[in-house]
There are 2 protein chains.
Amino acid sequence: MSETIEQKCLSKGVKLTDQRKIIAKVMSDSQDHPDVNELYLRVTKLDSKISIATVYRTVKLFEEAGIIAKHDFKGGKARYEEVSESHHDHLIDVNTGEIIEFVDDEIEFLQKKVAEKYGYSLVDHKLELYGIKKKS
Amino acid sequence: MSETIEQKCLSKGVKLTDQRKIIAKVMSDSQDHPDVNELYLRVTKLDSKISIATVYRTVKLFEEAGIIAKHDFKGGKARYEEVSESHHDHLIDVNTGEIIEFVDDEIEFLQKKVAEKYGYSLVDHKLELYGIKKKS
DNA sequence: GTAGATGCAAAGTATTTGCGACAAG
DNA sequence: CTTGTCGCAAATACTTTGCATCTAC
């Protein structure tokens, strides 16, 4: 891990309140992709007085600062994860909800090529694969 | 166009009410990716008595029958389009909101390969590219 | 005739916001 | 100090649902 969320806040001029420190810690410790309510549950274990409004405000802030990433997987709720060094996409098990992170350079390259073909510069992309586990 | 939405309803045993016929027509005539409210506006131009609840119920029904596709592009609202012969993905202009549909067989193939690699059968996927138009 | 569809309004979710109190820089 | 943040509750946006009525098959 190169830079902690707290460090990123400082370098981006985001004021570090107690609540934000706790939310930052919870995000860092999360290996999954929690939604706001799940985040709220984890956060209130560390400080029971934090309100869900603050969690909403903070994830939005962190997202706009490029510190965490927002996903809209099927299910209606926004889910978040810390932005890491390496970009990756998601393979979602439609039965269990389990999420596998993967990288495929070839696909990345082809995406850029498609955008170019239509006269665009790629600024962002979203790739989600939904699958069912094969019996082995 | 091989089969109309109405024909698909019949072959899937979906009862064809007047409201559904109108919603089917509006979907067929739409070349864009309307959200439910936009759909409601278009539908009520043809029959002002259709309620938005029926539009919600109908798009859900059509989606479950595989007749139309639901997308969750950035913006929070679900958006729909008729399912056509050819599968395609979307390139979205982040400035104008314009949506370009594209197909890239190589990417399709690689997606399947990624899923296999992790022991999964691909049942669905979502690929969205977000770009800005290059000055030419 | 009957199971399923509709319209309406009320109820759910997910998320945002106004405001007075409070805290970081 | 002063600007921005927090907690609370009310507000908003999108979507679903209970119920009495109506309609396609």
# chains A, B, ... in the order shown; residues from 1 in each chain; ligands from 1
call {"tool": "interface_residues", "arguments": {"of": "chain A", "to": "chain C", "cutoff": "9 Å", "atoms": "only C-alpha atoms (C1' of nucleotides)", "output": "mmCIF file with C-alpha atoms, in the first residue's frame"}}
result
data_model
loop_
_atom_site.group_PDB
_atom_site.id
_atom_site.type_symbol
_atom_site.label_atom_id
_atom_site.label_comp_id
_atom_site.auth_asym_id
_atom_site.auth_seq_id
_atom_site.Cartn_x
_atom_site.Cartn_y
_atom_site.Cartn_z
ATOM 1 C CA LYS A 15 -10.121 18.216 6.213
ATOM 2 C CA LEU A 16 -9.550 15.252 8.497
ATOM 3 C CA THR A 17 -12.246 14.998 11.117
ATOM 4 C CA ALA A 53 -25.761 11.174 6.744
ATOM 5 C CA TYR A 56 -23.145 9.358 2.778
ATOM 6 C CA ARG A 57 -21.428 12.736 2.723
ATOM 7 C CA GLY A 76 -29.771 -0.839 -6.601
ATOM 8 C CA LYS A 77 -27.390 0.197 -3.850
ATOM 9 C CA ALA A 78 -24.102 1.926 -4.508
#
call {"tool": "calpha_fit_and_write", "arguments": {"fixed": "chain A", "moving": "chain B", "output": "compact mmCIF listing (two decimals) with N, CA and C atoms, in the first residue's frame"}}
result
# COMPACT_ATOMS: atom_id res chain seq x y z
N MET B 1 0.90 -1.37 -0.02
CA MET B 1 0.04 -0.16 -0.01
C MET B 1 0.91 1.08 0.00
N SER B 2 0.76 1.94 -0.98
CA SER B 2 1.65 3.09 -1.10
C SER B 2 1.28 4.22 -0.15
N GLU B 3 0.01 4.61 -0.19
CA GLU B 3 -0.39 5.80 0.55
C GLU B 3 -1.70 5.47 1.25
N THR B 4 -1.84 5.84 2.49
CA THR B 4 -3.10 5.56 3.18
C THR B 4 -4.16 6.56 2.74
N ILE B 5 -5.41 6.25 3.07
CA ILE B 5 -6.49 7.17 2.73
C ILE B 5 -6.26 8.50 3.43
N GLU B 6 -5.81 8.44 4.68
CA GLU B 6 -5.55 9.68 5.43
C GLU B 6 -4.51 10.54 4.73
N GLN B 7 -3.46 9.90 4.23
CA GLN B 7 -2.42 10.65 3.53
C GLN B 7 -2.97 11.29 2.27
N LYS B 8 -3.83 10.52 1.59
CA LYS B 8 -4.42 11.08 0.36
C LYS B 8 -5.29 12.28 0.68
N CYS B 9 -6.00 12.22 1.81
CA CYS B 9 -6.84 13.36 2.20
C CYS B 9 -5.98 14.60 2.40
N LEU B 10 -4.89 14.43 3.13
CA LEU B 10 -4.00 15.54 3.40
C LEU B 10 -3.48 16.14 2.10
N SER B 11 -2.98 15.26 1.23
CA SER B 11 -2.39 15.78 -0.01
C SER B 11 -3.43 16.40 -0.95
N LYS B 12 -4.70 16.08 -0.72
CA LYS B 12 -5.73 16.70 -1.57
C LYS B 12 -6.47 17.81 -0.84
N GLY B 13 -5.97 18.18 0.34
CA GLY B 13 -6.59 19.27 1.07
C GLY B 13 -7.96 18.94 1.65
N VAL B 14 -8.20 17.66 1.91
CA VAL B 14 -9.47 17.28 2.54
C VAL B 14 -9.28 17.27 4.05
N LYS B 15 -10.09 18.06 4.72
CA LYS B 15 -9.97 18.20 6.17
C LYS B 15 -10.21 16.86 6.87
N LEU B 16 -9.34 16.55 7.80
CA LEU B 16 -9.43 15.24 8.45
C LEU B 16 -10.13 15.31 9.80
N THR B 17 -11.41 15.05 9.80
CA THR B 17 -12.14 15.03 11.06
C THR B 17 -12.08 13.63 11.66
N ASP B 18 -12.51 13.52 12.91
CA ASP B 18 -12.52 12.20 13.55
C ASP B 18 -13.36 11.22 12.76
N GLN B 19 -14.54 11.70 12.34
CA GLN B 19 -15.45 10.83 11.59
C GLN B 19 -14.80 10.32 10.30
N ARG B 20 -14.16 11.23 9.61
CA ARG B 20 -13.53 10.83 8.34
C ARG B 20 -12.41 9.85 8.58
N LYS B 21 -11.67 10.03 9.67
CA LYS B 21 -10.58 9.09 9.98
C LYS B 21 -11.16 7.68 10.18
N ILE B 22 -12.28 7.63 10.89
CA ILE B 22 -12.88 6.33 11.16
C ILE B 22 -13.40 5.69 9.87
N ILE B 23 -14.06 6.49 9.06
CA ILE B 23 -14.59 5.96 7.80
C ILE B 23 -13.42 5.51 6.92
N ALA B 24 -12.35 6.28 6.92
CA ALA B 24 -11.16 5.91 6.15
C ALA B 24 -10.62 4.57 6.63
N LYS B 25 -10.56 4.41 7.93
CA LYS B 25 -10.03 3.16 8.49
C LYS B 25 -10.91 1.97 8.09
N VAL B 26 -12.23 2.17 8.21
CA VAL B 26 -13.14 1.08 7.87
C VAL B 26 -12.99 0.71 6.39
N MET B 27 -12.88 1.72 5.54
CA MET B 27 -12.71 1.43 4.11
C MET B 27 -11.41 0.67 3.87
N SER B 28 -10.35 1.09 4.52
CA SER B 28 -9.06 0.43 4.33
C SER B 28 -9.10 -1.02 4.78
N ASP B 29 -9.82 -1.25 5.88
CA ASP B 29 -9.88 -2.60 6.43
C ASP B 29 -10.82 -3.52 5.67
N SER B 30 -11.67 -2.93 4.82
CA SER B 30 -12.66 -3.75 4.12
C SER B 30 -12.06 -4.39 2.88
N GLN B 31 -12.16 -5.70 2.81
CA GLN B 31 -11.65 -6.39 1.63
C GLN B 31 -12.78 -6.64 0.64
N ASP B 32 -14.00 -6.29 1.04
CA ASP B 32 -15.13 -6.52 0.15
C ASP B 32 -15.60 -5.20 -0.47
N HIS B 33 -16.85 -5.15 -0.87
CA HIS B 33 -17.39 -3.96 -1.54
C HIS B 33 -18.66 -3.52 -0.85
N PRO B 34 -18.55 -2.95 0.34
CA PRO B 34 -19.73 -2.63 1.15
C PRO B 34 -20.58 -1.50 0.58
N ASP B 35 -21.89 -1.58 0.85
CA ASP B 35 -22.77 -0.46 0.49
C ASP B 35 -22.77 0.50 1.67
N VAL B 36 -23.48 1.63 1.51
CA VAL B 36 -23.42 2.66 2.54
C VAL B 36 -23.95 2.16 3.89
N ASN B 37 -25.01 1.38 3.86
CA ASN B 37 -25.57 0.90 5.11
C ASN B 37 -24.60 -0.03 5.84
N GLU B 38 -23.98 -0.92 5.08
CA GLU B 38 -23.00 -1.84 5.67
C GLU B 38 -21.84 -1.03 6.26
N LEU B 39 -21.43 -0.02 5.54
CA LEU B 39 -20.35 0.85 6.00
C LEU B 39 -20.76 1.52 7.30
N TYR B 40 -21.98 1.99 7.32
CA TYR B 40 -22.53 2.66 8.50
C TYR B 40 -22.50 1.73 9.71
N LEU B 41 -22.88 0.48 9.50
CA LEU B 41 -22.86 -0.49 10.59
C LEU B 41 -21.44 -0.68 11.12
N ARG B 42 -20.49 -0.79 10.22
CA ARG B 42 -19.10 -1.01 10.64
C ARG B 42 -18.55 0.22 11.35
N VAL B 43 -18.91 1.38 10.84
CA VAL B 43 -18.40 2.63 11.38
C VAL B 43 -18.95 2.88 12.79
N THR B 44 -20.23 2.60 12.96
CA THR B 44 -20.84 2.88 14.27
C THR B 44 -20.34 1.92 15.34
N LYS B 45 -19.70 0.83 14.93
CA LYS B 45 -19.09 -0.05 15.93
C LYS B 45 -17.89 0.64 16.57
N LEU B 46 -17.25 1.51 15.80
CA LEU B 46 -16.08 2.21 16.31
C LEU B 46 -16.46 3.53 16.97
N ASP B 47 -17.52 4.14 16.50
CA ASP B 47 -18.01 5.38 17.09
C ASP B 47 -19.52 5.44 16.84
N SER B 48 -20.25 5.14 17.89
CA SER B 48 -21.69 4.97 17.73
C SER B 48 -22.43 6.26 17.42
N LYS B 49 -21.73 7.39 17.50
CA LYS B 49 -22.45 8.66 17.30
C LYS B 49 -22.41 9.17 15.86
N ILE B 50 -21.64 8.53 15.01
CA ILE B 50 -21.58 8.98 13.61
C ILE B 50 -22.91 8.73 12.92
N SER B 51 -23.40 9.74 12.22
CA SER B 51 -24.69 9.59 11.55
C SER B 51 -24.51 9.05 10.14
N ILE B 52 -25.60 8.46 9.63
CA ILE B 52 -25.50 7.90 8.28
C ILE B 52 -25.36 9.02 7.25
N ALA B 53 -25.85 10.20 7.59
CA ALA B 53 -25.69 11.34 6.67
C ALA B 53 -24.21 11.63 6.46
N THR B 54 -23.44 11.54 7.51
CA THR B 54 -22.00 11.78 7.40
C THR B 54 -21.34 10.71 6.55
N VAL B 55 -21.81 9.47 6.69
CA VAL B 55 -21.25 8.41 5.86
C VAL B 55 -21.53 8.70 4.39
N TYR B 56 -22.76 9.08 4.10
CA TYR B 56 -23.10 9.43 2.72
C TYR B 56 -22.24 10.58 2.22
N ARG B 57 -22.13 11.63 3.06
CA ARG B 57 -21.35 12.80 2.64
C ARG B 57 -19.89 12.43 2.43
N THR B 58 -19.38 11.57 3.28
CA THR B 58 -17.96 11.24 3.21
C THR B 58 -17.62 10.34 2.02
N VAL B 59 -18.45 9.35 1.75
CA VAL B 59 -18.14 8.50 0.60
C VAL B 59 -18.21 9.32 -0.69
N LYS B 60 -19.15 10.25 -0.73
CA LYS B 60 -19.26 11.11 -1.90
C LYS B 60 -18.00 11.97 -2.06
N LEU B 61 -17.58 12.51 -0.92
CA LEU B 61 -16.37 13.33 -0.92
C LEU B 61 -15.16 12.52 -1.35
N PHE B 62 -14.99 11.36 -0.76
CA PHE B 62 -13.85 10.50 -1.09
C PHE B 62 -13.89 10.08 -2.55
N GLU B 63 -15.09 9.84 -3.03
CA GLU B 63 -15.21 9.41 -4.41
C GLU B 63 -14.79 10.55 -5.35
N GLU B 64 -15.27 11.76 -5.04
CA GLU B 64 -14.92 12.90 -5.89
C GLU B 64 -13.43 13.21 -5.82
N ALA B 65 -12.80 12.85 -4.73
CA ALA B 65 -11.37 13.09 -4.60
C ALA B 65 -10.57 11.93 -5.21
N GLY B 66 -11.28 10.94 -5.72
CA GLY B 66 -10.59 9.82 -6.34
C GLY B 66 -9.95 8.87 -5.35
N ILE B 67 -10.43 8.90 -4.11
CA ILE B 67 -9.83 8.07 -3.06
C ILE B 67 -10.51 6.72 -2.97
N ILE B 68 -11.80 6.70 -3.21
CA ILE B 68 -12.50 5.42 -3.26
C ILE B 68 -13.31 5.36 -4.56
N ALA B 69 -13.73 4.16 -4.94
CA ALA B 69 -14.49 3.99 -6.18
C ALA B 69 -15.90 3.52 -5.88
N LYS B 70 -16.83 4.05 -6.64
CA LYS B 70 -18.24 3.70 -6.47
C LYS B 70 -18.65 2.72 -7.57
N HIS B 71 -19.41 1.71 -7.18
CA HIS B 71 -19.90 0.75 -8.18
C HIS B 71 -21.42 0.65 -8.07
N ASP B 72 -22.06 0.47 -9.21
CA ASP B 72 -23.51 0.24 -9.21
C ASP B 72 -23.80 -1.15 -9.72
N PHE B 73 -23.41 -2.16 -8.96
CA PHE B 73 -23.71 -3.53 -9.36
C PHE B 73 -25.21 -3.72 -9.27
N LYS B 74 -25.69 -4.83 -9.82
CA LYS B 74 -27.14 -5.09 -9.73
C LYS B 74 -27.55 -5.07 -8.27
N GLY B 75 -28.73 -4.55 -8.00
CA GLY B 75 -29.21 -4.52 -6.62
C GLY B 75 -29.62 -3.13 -6.18
N GLY B 76 -29.31 -2.12 -6.98
CA GLY B 76 -29.80 -0.79 -6.66
C GLY B 76 -28.95 0.06 -5.74
N LYS B 77 -28.21 -0.57 -4.83
CA LYS B 77 -27.44 0.25 -3.90
C LYS B 77 -26.03 0.49 -4.42
N ALA B 78 -25.52 1.66 -4.15
CA ALA B 78 -24.14 1.97 -4.53
C ALA B 78 -23.21 1.23 -3.58
N ARG B 79 -22.12 0.71 -4.10
CA ARG B 79 -21.15 0.00 -3.26
C ARG B 79 -19.77 0.59 -3.50
N TYR B 80 -18.95 0.54 -2.45
CA TYR B 80 -17.66 1.24 -2.52
C TYR B 80 -16.46 0.35 -2.22
N GLU B 81 -15.31 0.76 -2.73
CA GLU B 81 -14.06 0.09 -2.39
C GLU B 81 -12.94 1.10 -2.50
N GLU B 82 -11.89 0.85 -1.76
CA GLU B 82 -10.75 1.74 -1.81
C GLU B 82 -10.08 1.64 -3.18
N VAL B 83 -9.64 2.75 -3.70
CA VAL B 83 -8.91 2.74 -4.96
C VAL B 83 -7.50 2.26 -4.66
N SER B 84 -7.04 1.28 -5.40
CA SER B 84 -5.69 0.77 -5.15
C SER B 84 -4.79 1.10 -6.33
N GLU B 85 -3.54 0.77 -6.16
CA GLU B 85 -2.56 0.98 -7.21
C GLU B 85 -3.11 0.50 -8.53
N SER B 86 -3.45 -0.77 -8.51
CA SER B 86 -3.79 -1.44 -9.75
C SER B 86 -5.29 -1.36 -10.01
N HIS B 87 -5.61 -0.89 -11.18
CA HIS B 87 -7.00 -0.90 -11.62
C HIS B 87 -7.44 -2.35 -11.79
N HIS B 88 -8.69 -2.61 -11.57
CA HIS B 88 -9.20 -3.97 -11.82
C HIS B 88 -10.69 -3.92 -12.14
N ASP B 89 -11.19 -5.01 -12.70
CA ASP B 89 -12.62 -5.13 -12.96
C ASP B 89 -13.18 -6.25 -12.08
N HIS B 90 -14.47 -6.53 -12.26
CA HIS B 90 -15.14 -7.48 -11.35
C HIS B 90 -15.84 -8.62 -12.04
N LEU B 91 -15.66 -9.79 -11.48
CA LEU B 91 -16.39 -10.98 -11.92
C LEU B 91 -17.30 -11.36 -10.77
N ILE B 92 -18.61 -11.34 -11.01
CA ILE B 92 -19.57 -11.54 -9.93
C ILE B 92 -20.29 -12.87 -10.08
N ASP B 93 -20.25 -13.66 -9.02
CA ASP B 93 -20.94 -14.95 -8.99
C ASP B 93 -22.42 -14.68 -8.79
N VAL B 94 -23.23 -14.98 -9.81
CA VAL B 94 -24.65 -14.61 -9.72
C VAL B 94 -25.39 -15.44 -8.67
N ASN B 95 -24.83 -16.55 -8.28
CA ASN B 95 -25.51 -17.35 -7.26
C ASN B 95 -25.17 -16.91 -5.85
N THR B 96 -23.88 -16.71 -5.59
CA THR B 96 -23.46 -16.41 -4.23
C THR B 96 -23.25 -14.92 -3.98
N GLY B 97 -23.09 -14.14 -5.03
CA GLY B 97 -22.81 -12.72 -4.85
C GLY B 97 -21.33 -12.45 -4.64
N GLU B 98 -20.55 -13.51 -4.59
CA GLU B 98 -19.10 -13.35 -4.40
C GLU B 98 -18.50 -12.53 -5.54
N ILE B 99 -17.54 -11.70 -5.22
CA ILE B 99 -16.93 -10.85 -6.24
C ILE B 99 -15.44 -11.13 -6.37
N ILE B 100 -15.02 -11.42 -7.58
CA ILE B 100 -13.61 -11.67 -7.85
C ILE B 100 -13.07 -10.48 -8.64
N GLU B 101 -11.92 -9.98 -8.20
CA GLU B 101 -11.33 -8.86 -8.92
C GLU B 101 -10.33 -9.40 -9.92
N PHE B 102 -10.31 -8.84 -11.09
CA PHE B 102 -9.34 -9.32 -12.08
C PHE B 102 -8.84 -8.17 -12.94
N VAL B 103 -7.74 -8.44 -13.62
CA VAL B 103 -7.16 -7.47 -14.53
C VAL B 103 -6.87 -8.18 -15.83
N ASP B 104 -7.17 -7.57 -16.92
CA ASP B 104 -6.81 -8.15 -18.21
C ASP B 104 -6.34 -7.03 -19.11
N ASP B 105 -5.03 -6.97 -19.26
CA ASP B 105 -4.43 -5.85 -20.00
C ASP B 105 -4.91 -5.79 -21.44
N GLU B 106 -5.13 -6.97 -22.00
CA GLU B 106 -5.55 -7.00 -23.39
C GLU B 106 -6.91 -6.34 -23.56
N ILE B 107 -7.84 -6.66 -22.64
CA ILE B 107 -9.16 -6.03 -22.70
C ILE B 107 -9.03 -4.52 -22.50
N GLU B 108 -8.21 -4.13 -21.54
CA GLU B 108 -7.99 -2.70 -21.28
C GLU B 108 -7.56 -1.99 -22.55
N PHE B 109 -6.61 -2.61 -23.23
CA PHE B 109 -6.07 -2.01 -24.44
C PHE B 109 -7.14 -1.90 -25.52
N LEU B 110 -7.92 -2.98 -25.66
CA LEU B 110 -8.95 -2.98 -26.70
C LEU B 110 -10.04 -1.94 -26.44
N GLN B 111 -10.31 -1.70 -25.17
CA GLN B 111 -11.32 -0.68 -24.82
C GLN B 111 -10.88 0.68 -25.32
N LYS B 112 -9.61 0.96 -25.05
CA LYS B 112 -9.07 2.24 -25.48
C LYS B 112 -9.17 2.36 -27.00
N LYS B 113 -8.88 1.24 -27.65
CA LYS B 113 -8.90 1.22 -29.11
C LYS B 113 -10.32 1.46 -29.64
N VAL B 114 -11.31 0.88 -29.00
CA VAL B 114 -12.70 1.08 -29.42
C VAL B 114 -13.07 2.56 -29.31
N ALA B 115 -12.71 3.15 -28.16
CA ALA B 115 -13.03 4.56 -27.95
C ALA B 115 -12.39 5.42 -29.03
N GLU B 116 -11.12 5.16 -29.30
CA GLU B 116 -10.39 5.91 -30.34
C GLU B 116 -11.11 5.81 -31.67
N LYS B 117 -11.50 4.59 -31.97
CA LYS B 117 -12.16 4.31 -33.25
C LYS B 117 -13.36 5.23 -33.48
N TYR B 118 -14.06 5.57 -32.38
CA TYR B 118 -15.23 6.45 -32.51
C TYR B 118 -14.86 7.92 -32.26
N GLY B 119 -13.57 8.19 -32.11
CA GLY B 119 -13.14 9.56 -31.93
C GLY B 119 -13.18 10.05 -30.49
N TYR B 120 -13.10 9.13 -29.55
CA TYR B 120 -13.18 9.51 -28.14
C TYR B 120 -11.90 9.17 -27.38
N SER B 121 -11.65 9.95 -26.33
CA SER B 121 -10.62 9.58 -25.37
C SER B 121 -11.32 8.91 -24.21
N LEU B 122 -10.84 7.76 -23.83
CA LEU B 122 -11.46 7.01 -22.75
C LEU B 122 -11.11 7.67 -21.42
N VAL B 123 -12.12 8.05 -20.64
CA VAL B 123 -11.83 8.65 -19.34
C VAL B 123 -12.20 7.71 -18.20
N ASP B 124 -13.04 6.74 -18.50
CA ASP B 124 -13.47 5.82 -17.45
C ASP B 124 -14.12 4.63 -18.14
N HIS B 125 -14.26 3.56 -17.40
CA HIS B 125 -14.99 2.43 -17.97
C HIS B 125 -15.48 1.53 -16.86
N LYS B 126 -16.40 0.70 -17.21
CA LYS B 126 -16.95 -0.24 -16.24
C LYS B 126 -17.09 -1.58 -16.94
N LEU B 127 -16.48 -2.60 -16.37
CA LEU B 127 -16.63 -3.94 -16.95
C LEU B 127 -17.01 -4.89 -15.83
N GLU B 128 -18.17 -5.49 -15.95
CA GLU B 128 -18.60 -6.47 -14.97
C GLU B 128 -18.96 -7.75 -15.67
N LEU B 129 -18.41 -8.85 -15.19
CA LEU B 129 -18.78 -10.16 -15.74
C LEU B 129 -19.65 -10.85 -14.71
N TYR B 130 -20.73 -11.44 -15.17
CA TYR B 130 -21.60 -12.19 -14.27
C TYR B 130 -21.53 -13.65 -14.68
N GLY B 131 -21.17 -14.52 -13.74
CA GLY B 131 -20.99 -15.92 -14.12
C GLY B 131 -21.47 -16.89 -13.07
N ILE B 132 -21.54 -18.15 -13.46
CA ILE B 132 -21.85 -19.20 -12.49
C ILE B 132 -20.68 -20.17 -12.43
N LYS B 133 -20.40 -20.63 -11.24
CA LYS B 133 -19.25 -21.50 -11.03
C LYS B 133 -19.47 -22.84 -11.72
N LYS B 134 -18.46 -23.28 -12.43
CA LYS B 134 -18.55 -24.59 -13.08
C LYS B 134 -18.24 -25.68 -12.07
N LYS B 135 -18.94 -26.78 -12.19
CA LYS B 135 -18.57 -27.92 -11.34
C LYS B 135 -17.26 -28.45 -11.89
N SER B 136 -16.35 -28.77 -10.99
CA SER B 136 -15.05 -29.25 -11.46
C SER B 136 -14.82 -30.70 -11.14
call {"tool": "select_by_dssp", "arguments": {"residues": "chain B", "states": "alpha helix (DSSP H)", "output": "number ranges by chain"}}
result
B: 5-11, 18-29, 36-46, 52-64, 105-117
call {"tool": "write_last_selection", "arguments": {"atoms": "C-alpha atoms", "output": "mmCIF file, in the first residue's frame"}}
result
data_model
loop_
_atom_site.group_PDB
_atom_site.id
_atom_site.type_symbol
_atom_site.label_atom_id
_atom_site.label_comp_id
_atom_site.auth_asym_id
_atom_site.auth_seq_id
_atom_site.Cartn_x
_atom_site.Cartn_y
_atom_site.Cartn_z
ATOM 1 C CA ILE B 5 -42.091 -6.973 -29.054
ATOM 2 C CA GLU B 6 -45.742 -7.978 -29.389
ATOM 3 C CA GLN B 7 -44.773 -11.219 -31.086
ATOM 4 C CA LYS B 8 -42.263 -11.943 -28.364
ATOM 5 C CA CYS B 9 -44.961 -11.392 -25.739
ATOM 6 C CA LEU B 10 -47.239 -13.878 -27.442
ATOM 7 C CA SER B 11 -44.543 -16.508 -27.791
ATOM 8 C CA ASP B 18 -53.705 -2.216 -24.468
ATOM 9 C CA GLN B 19 -51.220 -0.607 -22.112
ATOM 10 C CA ARG B 20 -48.547 -3.155 -22.879
ATOM 11 C CA LYS B 21 -49.092 -2.736 -26.611
ATOM 12 C CA ILE B 22 -48.520 0.984 -26.265
ATOM 13 C CA ILE B 23 -45.435 0.575 -24.109
ATOM 14 C CA ALA B 24 -44.137 -1.998 -26.593
ATOM 15 C CA LYS B 25 -44.666 0.439 -29.440
ATOM 16 C CA VAL B 26 -42.919 3.266 -27.625
ATOM 17 C CA MET B 27 -39.956 1.018 -26.834
ATOM 18 C CA SER B 28 -39.724 -0.120 -30.442
ATOM 19 C CA ASP B 29 -39.842 3.436 -31.707
ATOM 20 C CA VAL B 36 -38.937 5.135 -16.790
ATOM 21 C CA ASN B 37 -40.079 8.726 -16.473
ATOM 22 C CA GLU B 38 -39.167 9.548 -20.063
ATOM 23 C CA LEU B 39 -40.974 6.399 -21.144
ATOM 24 C CA TYR B 40 -43.987 7.463 -19.117
ATOM 25 C CA LEU B 41 -44.041 10.834 -20.857
ATOM 26 C CA ARG B 42 -43.929 9.223 -24.283
ATOM 27 C CA VAL B 43 -46.534 6.632 -23.373
ATOM 28 C CA THR B 44 -49.021 9.118 -21.962
ATOM 29 C CA LYS B 45 -48.902 11.022 -25.240
ATOM 30 C CA LEU B 46 -50.539 8.001 -26.832
ATOM 31 C CA ILE B 52 -46.519 5.258 -14.108
ATOM 32 C CA ALA B 53 -47.003 2.184 -11.923
ATOM 33 C CA THR B 54 -47.980 0.251 -15.028
ATOM 34 C CA VAL B 55 -44.898 1.495 -16.831
ATOM 35 C CA TYR B 56 -42.736 0.283 -13.964
ATOM 36 C CA ARG B 57 -44.537 -3.051 -13.855
ATOM 37 C CA THR B 58 -44.297 -3.491 -17.594
ATOM 38 C CA VAL B 59 -40.618 -2.702 -18.032
ATOM 39 C CA LYS B 60 -39.873 -5.116 -15.209
ATOM 40 C CA LEU B 61 -41.994 -7.751 -16.877
ATOM 41 C CA PHE B 62 -40.411 -7.190 -20.284
ATOM 42 C CA GLU B 63 -36.984 -7.264 -18.764
ATOM 43 C CA GLU B 64 -37.625 -10.556 -16.997
ATOM 44 C CA ASP B 105 -16.006 -9.601 -30.873
ATOM 45 C CA GLU B 106 -12.493 -9.794 -29.576
ATOM 46 C CA ILE B 107 -13.480 -8.223 -26.252
ATOM 47 C CA GLU B 108 -16.504 -10.523 -26.059
ATOM 48 C CA PHE B 109 -14.274 -13.518 -26.531
ATOM 49 C CA LEU B 110 -11.752 -12.363 -23.950
ATOM 50 C CA GLN B 111 -14.490 -11.833 -21.380
ATOM 51 C CA LYS B 112 -15.588 -15.397 -21.747
ATOM 52 C CA LYS B 113 -11.984 -16.469 -21.410
ATOM 53 C CA VAL B 114 -11.521 -14.498 -18.184
ATOM 54 C CA ALA B 115 -14.621 -16.072 -16.667
ATOM 55 C CA GLU B 116 -13.421 -19.555 -17.644
ATOM 56 C CA LYS B 117 -10.048 -18.856 -16.123
#
call {"tool": "select_by_dssp", "arguments": {"residues": "region 8-135 of chain B", "states": "strand (DSSP E or B)", "output": "PyMOL selection string"}}
result
chain B and resi 35+68-71+79-82+89-93+99-102+120-133
call {"tool": "interface_residues", "arguments": {"of": "chain D", "to": "chain B", "cutoff": "10 Å", "atoms": "only C-alpha atoms (C1' of nucleotides)", "output": "PyMOL selection string"}}
result
chain D and resi 13-17+23-25
